[in-house]
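S.K.: The structure follows.
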2 protein chains.
Amino acid sequence: MRSRRHTIAADLRQQITSGRIRPSERLPSEADLADRYKVSTLTLRHALAVLQGEGLVEKIHGKGNFVRRPLRKTMYVGGWGILDPWMAAEPVLRVTVRSNTVEAQAHLATLLGVPTGSPLAEFTCLSYEGESPHGLARIYLPRDLAPAGVLDDNSASRQTAARFAQLGPTPAAVRETVCARPPTTVEASSLRLATASVVLSITRISTDSAGRIVEAALLTFPGDRIDAVFTTHTMTDERQARA
Amino acid sequence: MRSRRHTIAADLRQQITSGRIRPSERLPSEADLADRYKVSTLTLRHALAVLQGEGLVEKIHGKGNFVRRPLRKTMYVGGWGILDPWMAAEPVLRVTVRSNTVEAQAHLATLLGVPTGSPLAEFTCLSYEGESPHGLARIYLPRDLAPAGVLDDNSASRQTAARFAQLGPTPAAVRETVCARPPTTVEASSLRLATASVVLSITRISTDSAGRIVEAALLTFPGDRIDAVFTTHTMTDERQARA
DNA sequence: CAGTGGTCTAGACCACGCG
DNA sequence: GCGTGGTCTAGACCACTGT
């Protein structure tokens with residue numbers, strides 16, 4: 001016999017996948033569900049944690065548990081940083097951008113190759129697909145390279161940020177480091193993920209033709225919502241085919 | 001004030017990273033620790049769960065909590081498929097290769113662009129770092145493209161396979177799709193991972209100058225053991241890997 | 001304010017590993 | 001059998017979200 005959390009999770013999962021409870025719909029409160037299944041609230045919370053780990057349920061503190069939209073894997077295209085939901089046919093991504101100035105701590109200073117304490121322009125971008133958080137980007141530029149307009153929340157920079165594209169000068173080279181890991185607590189709460197879930201993390205370093213680092217971007221996506229694609233052409237004379 | 005689980009986790013983390021508790025050493029029992037920190041066992045377990053998520057602690061039912069060996073992150077360099085442990089200074093990877101012929105099922109047939117049922121040469125490579133499995137590769141080639149020598153277990157092909165490099169003809173283009181997810185049951189047992197852990201999965205498709213697909217490789221690595229790096233030079237619209 | 005999820009307690013009982 | 005971690009309970013109190 002499986003544990004109660006799993007039998008409860010299985011029952012709820014069935015109700016979700018069969019469409020008895022619809023996407024973005026709220027589940028009954030944890031107290032109600034615990035009562036219905038005749039378990040303690042803690043056990044019920046564990047059952048929900050299972051579904052959360054599967055990406056079926058999203059918890060929002062103070063509001064409730066919600067059924068996530070069925071998966072729509074989007075594509076991150078390497079070297080461009082363009083987030084491309086279904087070939088951009090549907091501009092469903094809404095983005096919030098917060099900008100401010102921070103001092104470079106050890107990690108960021110190393111990434112950007114600047115002295116610790118240097119002033120950096122920081123852009124925190126959170127994209128939503130409908131109501132669900134879809135991606136988190138933290139973009140850092142040396143303060144003096146940040147274009148003036150970008151520091152205001154004008155629509156142009158929002159458009160740019162919406163694609164998590166370069167904010168600084170056009171770079172000559174981009175180096176992307178990809179890793180798979182659980183989310184940090186900040187990422188988990190921003191993206192409404194369980195701490196035991198999986199994220200795809202991309203650290204993108206852009207350099208100009210002189211080799212100076214002009215931008216560092218820390219991109220985080222729920223693992224079940226993204227594929228990252230990188231294309232390499234070993235012949236130099238060939239034009240890249242994107243499709 | 002942070003939650004107790006986090007303050008406890010921070011304290012234990014400090015003891016581990018400072019070396020006060022050494023790798024592979026057992027922590028005091030959860031009951032003892034709960035007693036020492038004056039919290040309930042559940043809270044203490046939550047604290048350990050934090051460290052578990054960070055890869056610092058490993059739980060073994062009936063035995064205890066153990067400090068994990070510090071990570072040795074290796075590098076996967078995109079576009080070449082070279083697995084590069086510490087710049088190849090230390091050839092610590094041991095590899096087993098199994099080759100046979102299979103018929104293309106739906107998924108593989110789509111990947112390789114061949115009819116379902118086509119004969120494929122399959123290479124299953126499992127690399128070890130010491131005793132620990134380090135990576136799993138399943139490489140598929142159209143049967144007629146597999147070089148004769150590769151089908152035997154000679155040392156040359158083993159060297160090649162050890163780096164999970166191309167086995168077929170040198171390709172003109174490589175397309176790598178990266179995703180983060182929990183391991184399949186096969187992967188979990190091959191790599192000795194928990195089913196709740198994280199793997200980085202790379203699907204590598206190589207095409208020749210005529211656009212024909214000459215190889216498909218399914219690469220899987222434990223998420224906490226690998227970083228994948230991709231470099232793009234925008235001037236030539238081309239991606240290249242630099243050492 | 002009421003309703004929701006988040007953390008925590010003190011204790012019970014179960015399942016695993018090993019002598 | 002004994003010590004370990006794993007699951008569960010019933011209830012308390014805190015923190016966030018809306019009215």
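Within each chain, counting starts at residue 1; across the structure tokens, chains are named A, B, ... in the order shown, with ligands numbered 1 upward in that order.
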Within 12 Å of chain D, which residues of chain B are there when counting only C-alpha atoms (C1' of nucleotides)? Please give them as a VMD selection string.
M.R.: chain B and resid 3 26 to 32 41 to 42 45 48 58 to 65
S.K.: Select from chain A every residue with an atom at most 10 Å from any atom of chain B, then for each give the shortest pair of atoms and their distance in Å to one decimal, using only C-alpha atoms, rows by chain and rising number, as a Markdown table.
M.R.:
| residue | atom | partner | partner_atom | distance |
| --- | --- | --- | --- | --- |
| A:Gly53 | CA | B:Ala196 | CA | 8.9 |
| A:Glu54 | CA | B:Pro182 | CA | 9.8 |
| A:Met75 | CA | B:Thr177 | CA | 9.4 |
| A:Tyr76 | CA | B:Val178 | CA | 9.4 |
| A:Val77 | CA | B:Thr177 | CA | 9.4 |
| A:Gly78 | CA | B:Phe230 | CA | 7.8 |
| A:Gly79 | CA | B:Thr232 | CA | 5.3 |
| A:Trp80 | CA | B:Thr232 | CA | 8.7 |
| A:Thr170 | CA | B:Thr234 | CA | 9.0 |
| A:Pro171 | CA | B:Thr234 | CA | 7.4 |
| A:Ala172 | CA | B:Thr234 | CA | 5.4 |
| A:Ala173 | CA | B:His233 | CA | 4.3 |
| A:Val174 | CA | B:Thr232 | CA | 5.0 |
| A:Arg175 | CA | B:Thr231 | CA | 4.3 |
| A:Glu176 | CA | B:Phe230 | CA | 5.1 |
| A:Thr177 | CA | B:Val229 | CA | 4.4 |
| A:Val178 | CA | B:Ala228 | CA | 5.0 |
| A:Cys179 | CA | B:Asp227 | CA | 5.1 |
| A:Ala180 | CA | B:Gly223 | CA | 4.8 |
| A:Arg181 | CA | B:Gly223 | CA | 5.8 |
| A:Pro182 | CA | B:Gly53 | CA | 6.8 |
| A:Pro183 | CA | B:Gly53 | CA | 9.0 |
| A:Thr184 | CA | B:Glu54 | CA | 9.1 |
| A:Thr185 | CA | B:Val50 | CA | 9.9 |
| A:Thr195 | CA | B:Gly53 | CA | 7.8 |
| A:Ala196 | CA | B:Gly53 | CA | 6.9 |
| A:Ser197 | CA | B:Ala196 | CA | 8.3 |
| A:Val198 | CA | B:Arg181 | CA | 6.1 |
| A:Val199 | CA | B:Ala180 | CA | 6.4 |
| A:Leu200 | CA | B:Ala180 | CA | 5.4 |
| A:Ser201 | CA | B:Ala180 | CA | 8.8 |
| A:Ile202 | CA | B:Ala228 | CA | 9.4 |
| A:Thr203 | CA | B:Val229 | CA | 9.4 |
| A:Arg204 | CA | B:Phe230 | CA | 9.4 |
| A:Ile205 | CA | B:Thr231 | CA | 9.4 |
| A:Ser206 | CA | B:Thr232 | CA | 9.4 |
| A:Thr207 | CA | B:His233 | CA | 9.6 |
| A:Ser209 | CA | B:Met235 | CA | 9.1 |
| A:Phe221 | CA | B:Ala180 | CA | 9.5 |
| A:Pro222 | CA | B:Ala180 | CA | 8.4 |
| A:Gly223 | CA | B:Ala180 | CA | 4.9 |
| A:Asp224 | CA | B:Arg181 | CA | 6.8 |
| A:Arg225 | CA | B:Cys179 | CA | 9.2 |
| A:Ile226 | CA | B:Cys179 | CA | 6.9 |
| A:Asp227 | CA | B:Cys179 | CA | 5.1 |
| A:Ala228 | CA | B:Val178 | CA | 5.0 |
| A:Val229 | CA | B:Thr177 | CA | 4.4 |
| A:Phe230 | CA | B:Glu176 | CA | 5.1 |
| A:Thr231 | CA | B:Arg175 | CA | 4.3 |
| A:Thr232 | CA | B:Arg239 | CA | 4.8 |
| A:His233 | CA | B:Ala173 | CA | 4.4 |
| A:Thr234 | CA | B:Ala172 | CA | 5.3 |
| A:Met235 | CA | B:Ala172 | CA | 6.2 |
| A:Thr236 | CA | B:Glu238 | CA | 7.2 |
| A:Asp237 | CA | B:Thr236 | CA | 8.4 |
| A:Glu238 | CA | B:Glu238 | CA | 8.3 |
| A:Arg239 | CA | B:Asp237 | CA | 6.9 |
| A:Gln240 | CA | B:Asp237 | CA | 6.4 |
| A:Ala241 | CA | B:Asp237 | CA | 9.8 |
S.K.: Residues of chain C that have any atom at most 9 Å from an atom of chain A: could you tabulate them with the shortest-distance atom pair and the distance in Å to one decimal, using only C-alpha atoms (C1' of nucleotides), ordered by chain and increasing number, as CSV?
M.R.:
residue,atom,partner,partner_atom,distance
C:DG3,C1',A:Gly62,CA,7.8
C:DT4,C1',A:Gly62,CA,4.2
C:DG5,C1',A:His61,CA,4.9
C:DG6,C1',A:His61,CA,8.0
S.K.: Tell me, as JSON, numbers by chain, which residues lie within 6 Å of stretch 94-104 of chain B, counting only C-alpha atoms (C1' of nucleotides); anything in the same chain fewer than 2 positions away does not count.
M.R.: {"B": [108, 109, 116, 117, 118, 119, 120, 121, 122, 123, 124, 125, 126, 127, 128, 162]}
S.K.: What parts of stretch 15-86 of chain B does DSSP call alpha helix (DSSP H)? I'd like the answer as a PyMOL selection string.
M.R.: chain B and resi 15-17+30-37+41-53
